[in-house]
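**Q** Data: model-v8.txt, compact mmCIF, C-alpha atoms.
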```txt
# COMPACT_ATOMS: atom_id res chain seq x y z
CA MET A 18 24.05 30.65 148.18
CA ASN A 19 27.82 30.71 147.74
CA ARG A 20 30.19 27.75 148.00
CA GLY A 21 31.32 28.58 151.54
CA ASN A 22 27.76 28.61 152.90
CA ARG A 23 26.98 25.31 151.19
CA ILE A 24 30.03 23.67 152.73
CA LEU A 25 29.12 25.07 156.16
CA LEU A 26 25.54 23.80 155.91
CA SER A 27 26.77 20.40 154.73
CA CYS A 28 29.10 20.17 157.73
CA VAL A 29 26.31 21.13 160.11
CA TYR A 30 23.97 18.58 158.51
CA TRP A 31 26.44 15.69 158.73
CA ALA A 32 27.36 16.64 162.29
CA PHE A 33 23.69 16.42 163.17
CA VAL A 34 23.39 13.04 161.41
CA LEU A 35 26.35 11.69 163.37
CA TYR A 36 24.94 13.10 166.61
CA VAL A 37 21.63 11.26 166.03
CA PHE A 38 22.76 7.97 164.51
CA VAL A 39 26.08 7.16 166.22
CA PRO A 40 24.37 6.30 169.56
CA LEU A 41 21.91 4.06 167.69
CA VAL A 42 24.74 2.25 165.89
CA LEU A 43 26.60 1.76 169.17
CA MET A 44 23.43 0.41 170.79
CA ILE A 45 22.99 -2.13 167.99
CA LEU A 46 26.63 -3.22 168.14
CA MET A 47 26.47 -3.77 171.89
CA GLY A 48 23.63 -6.22 171.37
CA PHE A 49 26.13 -8.56 169.66
CA LYS A 50 28.75 -8.42 172.42
CA ASP A 51 29.62 -11.78 173.99
CA SER A 52 29.72 -10.44 177.51
CA LYS A 53 27.34 -9.54 180.32
CA PHE A 54 28.56 -5.96 180.44
CA ILE A 55 28.34 -3.10 177.95
CA GLY A 56 31.55 -1.44 176.88
CA PHE A 57 34.42 -1.44 174.43
CA PRO A 58 36.36 -3.24 173.16
CA ILE A 59 34.16 -6.01 171.72
CA ARG A 60 36.47 -9.03 171.66
CA SER A 61 33.89 -11.62 170.59
CA TRP A 62 30.45 -11.58 169.00
CA THR A 63 27.29 -13.56 169.64
CA LEU A 64 23.61 -13.77 168.69
CA ASP A 65 22.62 -15.19 172.07
CA TRP A 66 21.15 -11.91 173.32
CA TYR A 67 18.85 -11.67 170.30
CA THR A 68 17.71 -15.29 170.56
CA GLY A 69 17.17 -14.66 174.26
CA VAL A 70 14.76 -11.85 173.42
CA PHE A 71 12.38 -14.34 171.83
CA ASP A 72 13.03 -17.06 174.42
CA ASP A 73 12.05 -14.74 177.26
CA ALA A 74 8.25 -14.98 177.44
CA ALA A 75 7.98 -11.57 179.11
CA VAL A 76 9.35 -9.72 176.08
CA PRO A 77 6.87 -10.95 173.40
CA SER A 78 4.05 -10.59 175.94
CA ALA A 79 5.00 -6.99 176.68
CA PHE A 80 5.41 -6.28 172.97
CA ILE A 81 1.93 -7.60 172.12
CA TYR A 82 0.46 -5.75 175.10
CA SER A 83 2.05 -2.49 173.90
CA VAL A 84 0.77 -3.03 170.36
CA VAL A 85 -2.80 -3.66 171.55
CA ILE A 86 -2.73 -0.53 173.70
CA ALA A 87 -1.27 1.53 170.85
CA VAL A 88 -3.91 0.32 168.38
CA LEU A 89 -6.83 0.99 170.74
CA ALA A 90 -5.50 4.42 171.71
CA THR A 91 -4.90 5.31 168.06
CA VAL A 92 -8.42 4.33 166.99
CA ILE A 93 -9.97 6.44 169.75
CA SER A 94 -7.70 9.43 169.13
CA VAL A 95 -8.28 9.33 165.36
CA ILE A 96 -12.06 9.31 165.77
CA VAL A 97 -12.09 12.11 168.35
CA GLY A 98 -9.34 14.15 166.70
CA THR A 99 -10.93 14.00 163.25
CA TRP A 100 -14.31 15.02 164.64
CA ILE A 101 -12.76 18.00 166.46
CA ALA A 102 -10.83 19.02 163.34
CA VAL A 103 -13.97 18.97 161.19
CA LEU A 104 -15.79 20.97 163.85
CA LEU A 105 -13.09 23.64 164.17
CA GLU A 106 -11.74 24.07 160.64
CA GLY A 107 -13.44 26.76 158.57
CA ARG A 108 -16.08 27.56 161.17
CA LYS A 109 -16.51 30.54 163.45
CA PHE A 110 -18.51 30.17 166.62
CA LEU A 111 -18.44 31.32 170.21
CA GLY A 112 -15.78 29.47 172.16
CA ARG A 113 -13.84 28.21 169.13
CA THR A 114 -10.53 29.59 170.40
CA ALA A 115 -11.07 28.07 173.84
CA MET A 116 -11.98 24.72 172.30
CA PHE A 117 -8.88 24.75 170.11
CA GLY A 118 -6.71 25.63 173.12
CA LEU A 119 -8.16 22.76 175.16
CA THR A 120 -7.63 20.41 172.22
CA VAL A 121 -3.89 21.10 171.89
CA LEU A 122 -3.28 21.41 175.66
CA PRO A 123 -2.44 17.69 176.24
CA ALA A 124 0.42 17.98 173.75
CA LEU A 125 1.88 21.00 175.59
CA VAL A 126 1.76 19.68 179.15
CA PRO A 127 5.04 17.99 180.25
CA GLY A 128 4.77 14.21 180.26
CA ILE A 129 5.45 13.73 183.97
CA ILE A 130 2.84 16.35 184.92
CA SER A 131 0.32 14.77 182.54
CA ALA A 132 0.96 11.29 183.94
CA ILE A 133 0.52 12.44 187.56
CA ALA A 134 -2.69 14.28 186.65
CA PHE A 135 -4.08 11.22 184.85
CA ARG A 136 -3.22 9.02 187.81
CA ILE A 137 -5.01 11.31 190.26
CA TYR A 138 -8.03 11.71 187.98
CA ALA A 139 -8.24 7.95 187.32
CA ARG A 140 -8.22 7.32 191.06
CA TRP A 141 -10.95 9.92 191.57
CA LEU A 142 -13.07 8.27 188.85
CA GLY A 143 -12.45 4.82 190.27
CA ILE A 144 -10.55 3.57 187.20
CA GLU A 145 -8.17 0.79 188.14
CA PRO A 146 -4.58 0.89 186.81
CA GLY A 147 -4.18 -1.28 183.75
CA MET A 148 -4.93 -1.40 180.05
CA GLY A 149 -8.06 0.77 180.19
CA ALA A 150 -6.33 3.58 182.08
CA ILE A 151 -3.29 3.49 179.77
CA VAL A 152 -5.42 3.53 176.61
CA TRP A 153 -7.42 6.46 177.95
CA ALA A 154 -4.28 8.49 178.80
CA HIS A 155 -2.56 7.71 175.50
CA ALA A 156 -5.67 8.59 173.49
CA VAL A 157 -6.07 11.96 175.21
CA HIS A 158 -2.39 12.72 174.61
CA ASN A 159 -2.64 11.75 170.91
CA VAL A 160 -5.82 13.70 170.04
CA PRO A 161 -4.02 17.06 169.49
CA PHE A 162 -1.68 15.55 166.89
CA VAL A 163 -4.57 14.03 164.94
CA ALA A 164 -6.58 17.25 165.10
CA LEU A 165 -3.70 19.43 163.90
CA VAL A 166 -2.79 17.14 161.00
CA VAL A 167 -6.40 16.77 159.86
CA MET A 168 -7.04 20.50 160.18
CA ALA A 169 -4.02 21.23 157.99
CA ARG A 170 -5.38 18.84 155.36
CA LEU A 171 -8.89 20.28 155.62
CA SER A 172 -7.59 23.78 155.00
CA THR A 173 -6.56 22.70 151.46
CA LEU A 174 -9.90 21.07 150.59
CA PRO A 175 -11.55 22.95 147.69
CA LYS A 176 -14.84 24.25 149.05
CA SER A 177 -16.31 24.04 145.55
CA GLN A 178 -16.41 20.25 145.78
CA ILE A 179 -18.56 20.30 148.90
CA GLU A 180 -20.78 23.01 147.44
CA ALA A 181 -21.23 20.97 144.25
CA ALA A 182 -22.22 17.91 146.29
CA ARG A 183 -24.74 19.97 148.26
CA ASP A 184 -26.15 21.46 145.05
CA LEU A 185 -26.67 17.93 143.72
CA GLY A 186 -28.81 17.06 146.73
CA ALA A 187 -26.31 15.49 149.13
CA ASP A 188 -26.99 16.15 152.82
CA PRO A 189 -24.09 17.09 155.15
CA ILE A 190 -23.45 13.48 156.17
CA ILE A 191 -23.34 12.18 152.58
CA ALA A 192 -21.14 15.12 151.54
CA PHE A 193 -18.74 14.31 154.36
CA LEU A 194 -18.60 10.59 153.55
CA ARG A 195 -18.28 11.06 149.78
CA ILE A 196 -16.11 14.19 149.56
CA THR A 197 -14.44 15.20 152.82
CA LEU A 198 -13.53 11.81 154.29
CA PRO A 199 -11.78 10.40 151.16
CA TYR A 200 -9.81 13.65 150.91
CA LEU A 201 -8.73 13.26 154.54
CA VAL A 202 -7.56 9.64 154.24
CA PRO A 203 -3.83 10.46 153.70
CA ALA A 204 -3.81 12.82 156.69
CA ILE A 205 -5.72 10.34 158.87
CA LEU A 206 -3.36 7.54 157.90
CA GLY A 207 -0.27 9.64 158.61
CA ALA A 208 -1.66 10.78 161.96
CA SER A 209 -2.60 7.18 162.81
CA ILE A 210 0.92 5.88 162.23
CA PHE A 211 2.40 8.75 164.23
CA CYS A 212 0.01 8.13 167.13
CA LEU A 213 0.66 4.39 166.95
CA LEU A 214 4.40 4.88 167.33
CA LEU A 215 3.92 7.61 169.95
CA SER A 216 1.72 5.37 172.07
CA PHE A 217 3.97 2.34 171.63
CA ASP A 218 6.99 4.30 172.92
CA ASP A 219 5.15 6.14 175.72
CA PHE A 220 6.84 5.25 179.00
CA VAL A 221 5.76 7.89 181.51
CA ARG A 222 1.98 7.50 181.20
CA SER A 223 2.30 3.72 180.91
CA PHE A 224 4.42 3.61 184.06
CA PHE A 225 2.08 5.75 186.18
CA LEU A 226 -1.16 4.15 184.95
CA GLY A 227 -0.02 0.56 184.38
CA GLY A 228 -1.02 -2.43 186.43
CA TYR A 229 0.85 -5.68 186.94
CA GLU A 230 1.36 -6.34 183.21
CA PRO A 231 4.10 -4.03 181.83
CA THR A 232 4.32 -2.46 178.41
CA LEU A 233 7.58 -2.88 176.51
CA PRO A 234 9.10 0.48 177.62
CA VAL A 235 8.20 -0.28 181.24
CA LEU A 236 9.71 -3.77 180.94
CA ILE A 237 12.95 -2.32 179.57
CA PHE A 238 13.05 0.15 182.46
CA ALA A 239 12.53 -2.69 184.95
CA LYS A 240 15.42 -4.63 183.41
CA LEU A 241 17.61 -1.52 183.52
CA ARG A 242 17.23 -1.34 187.29
CA SER A 243 19.30 -4.51 187.61
CA GLY A 244 22.09 -3.03 185.47
CA MET A 245 22.91 -2.45 181.83
CA SER A 246 23.50 -5.59 179.78
CA PRO A 247 23.53 -6.43 176.05
CA GLU A 248 20.05 -7.93 176.55
CA ILE A 249 18.66 -4.39 176.86
CA ASN A 250 20.40 -3.42 173.63
CA ALA A 251 18.98 -6.46 171.84
CA ILE A 252 15.41 -5.66 172.95
CA ALA A 253 15.80 -2.01 172.00
CA THR A 254 17.29 -2.93 168.61
CA VAL A 255 14.39 -5.24 167.74
CA ALA A 256 11.88 -2.55 168.76
CA LEU A 257 13.83 0.06 166.77
CA ILE A 258 13.84 -2.06 163.61
CA LEU A 259 10.11 -2.76 163.82
CA THR A 260 9.12 0.86 164.47
CA ALA A 261 11.48 2.14 161.76
CA ALA A 262 10.01 -0.33 159.27
CA ILE A 263 6.48 0.82 160.09
CA GLY A 264 7.49 4.47 159.82
CA ILE A 265 9.19 4.00 156.43
CA TRP A 266 6.23 2.04 155.07
CA ALA A 267 3.78 4.68 156.32
CA GLU A 268 5.80 7.52 154.80
CA ARG A 269 5.93 5.84 151.38
CA PHE A 270 2.27 4.81 151.50
CA THR A 271 1.15 8.30 152.50
CA ARG A 272 3.29 9.87 149.78
CA ARG A 273 1.77 7.55 147.18
CA MET A 274 -1.76 8.35 148.34
CA ASN A 275 -1.03 12.10 148.21
CA LYS A 276 0.27 11.73 144.68
CA GLU A 277 -2.80 9.76 143.61
CA SER A 278 -5.14 12.32 145.18
CA ARG A 279 -3.37 15.15 143.32
CA ASN A 280 -3.63 13.25 140.05
CA ASP A 281 -7.34 12.73 140.60
```
Would you kindly transcribe this structure into structure tokens?
**A**
Amino acid sequence: MNRGNRILLSCVYWAFVLYVFVPLVLMILMGFKDSKFIGFPIRSWTLDWYTGVFDDAAVPSAFIYSVVIAVLATVISVIVGTWIAVLLEGRKFLGRTAMFGLTVLPALVPGIISAIAFRIYARWLGIEPGMGAIVWAHAVHNVPFVALVVMARLSTLPKSQIEAARDLGADPIIAFLRITLPYLVPAILGASIFCLLLSFDDFVRSFFLGGYEPTLPVLIFAKLRSGMSPEINAIATVALILTAAIGIWAERFTRRMNKESRND
């Protein structure tokens, strides 16, 4: 690659970085504005909006509610997605293509269409709007991501290790628990963190299937209906910092586990 192409790619890269991060920086700055309205210039600064986030009982309640839903949905999606991945990867049977297509379908359907379909189906099944309905919808939406990540990891598993375990007398369950499952831990952990963040930020399905208690995205939307204020920026900034911290920790932890598995 010549010097001109490198300069061009560098310019494109930094333009993309600015496009992504400038709105986030502006959002954070507006949370410190000593005014009830968002906009420049910022003539004075305050921390009142951030202290107000923790003083408002609705915000911590919605945050905890969102975390509980995300954890439950992630656990269900990881169990189901891992089982489907183990069933599909490396096996040929009648209906495998159809099963794979049905597995990834929830990730391809537009969010608004998915939410409406879940709402209609929940009503038909007699499931009341609330935590159970939201967890169910989030788990179904997250299963494809778990299955794809685990299948990618399974495709690199040396078959000789499983064959050696079987030759030594291990049955399929023991071989899975002793060989396959430990090998899949980095992929399962990475998929779990991704699903956790995906479920935590899911607004559309939470809005259509929620009851009287709102998740954090739904609460932010409700506050937006009364107008933009620095309070919204403060809530979004706190949520951004927490999710970014979890994502960075997960990335480093997964990288370390991958390195240890390669060394072993």
**Q** Rank A:Thr260, A:Tyr82, A:Ala75, A:Leu46 by their smallest atom-to-atom distance to A:Gly147, using all atoms listed in the file, and report the top residue only.
**A**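 Looking only at the distances to A:Gly147, the closest residue turns out to be A:Tyr82.
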**Q** Show which residues sit within 8 Å of A:Ala79, as a VMD selection string. Count all atoms listed in the file, and ignore same-chain residues fewer than 6 positions away.
**A** chain A and resid 230 to 233 236
**Q** I need the residue nearest A:Ile96 from this list: A:Ile205, A:Pro199, A:Ile45, A:Leu111. Use only C-alpha atoms for the distance.
**A** A:Ile205
**Q** Using all atoms listed in the file, which of A:Met47, A:Ala132, A:Ile196, A:Val157 sits nearest A:Thr63?
**A** A:Met47
**Q** Put the listed atoms of stretch 263-269 of chain A in a box along x, y and z with 8 Å added on every side and give me the centre and edge lengths in Å to one decimal, as lines of an AutoDock Vina configuration file.
**A**
```
center_x = 6.5
center_y = 4.2
center_z = 155.7
size_x = 21.4
size_y = 22.7
size_z = 24.7
```
**Q** Quick one: of A:Ala192, A:Val163, A:Leu206, A:Ile249, who's nearest to A:Phe49, counting all atoms listed in the file?
**A** A:Ile249
**Q** Using all atoms listed in the file, which residues sit within 9 Å of A:Met245 once same-chain residues fewer than 4 positions away are excluded, as a PyMOL selection string?
**A** chain A and resi 53-55+240-241+249-250
**Q** Write out, as a PDB file, in the frame of the given file, the residues just selected, with C-alpha atoms.
**A**
```pdb
ATOM      1  CA  LYS A  53      27.340  -9.540 180.320  1.00  0.00           C
ATOM      2  CA  PHE A  54      28.560  -5.960 180.440  1.00  0.00           C
ATOM      3  CA  ILE A  55      28.340  -3.100 177.950  1.00  0.00           C
ATOM      4  CA  LYS A 240      15.420  -4.630 183.410  1.00  0.00           C
ATOM      5  CA  LEU A 241      17.610  -1.520 183.520  1.00  0.00           C
ATOM      6  CA  ILE A 249      18.660  -4.390 176.860  1.00  0.00           C
ATOM      7  CA  ASN A 250      20.400  -3.420 173.630  1.00  0.00           C
TER       8      ASN A 250
END
```
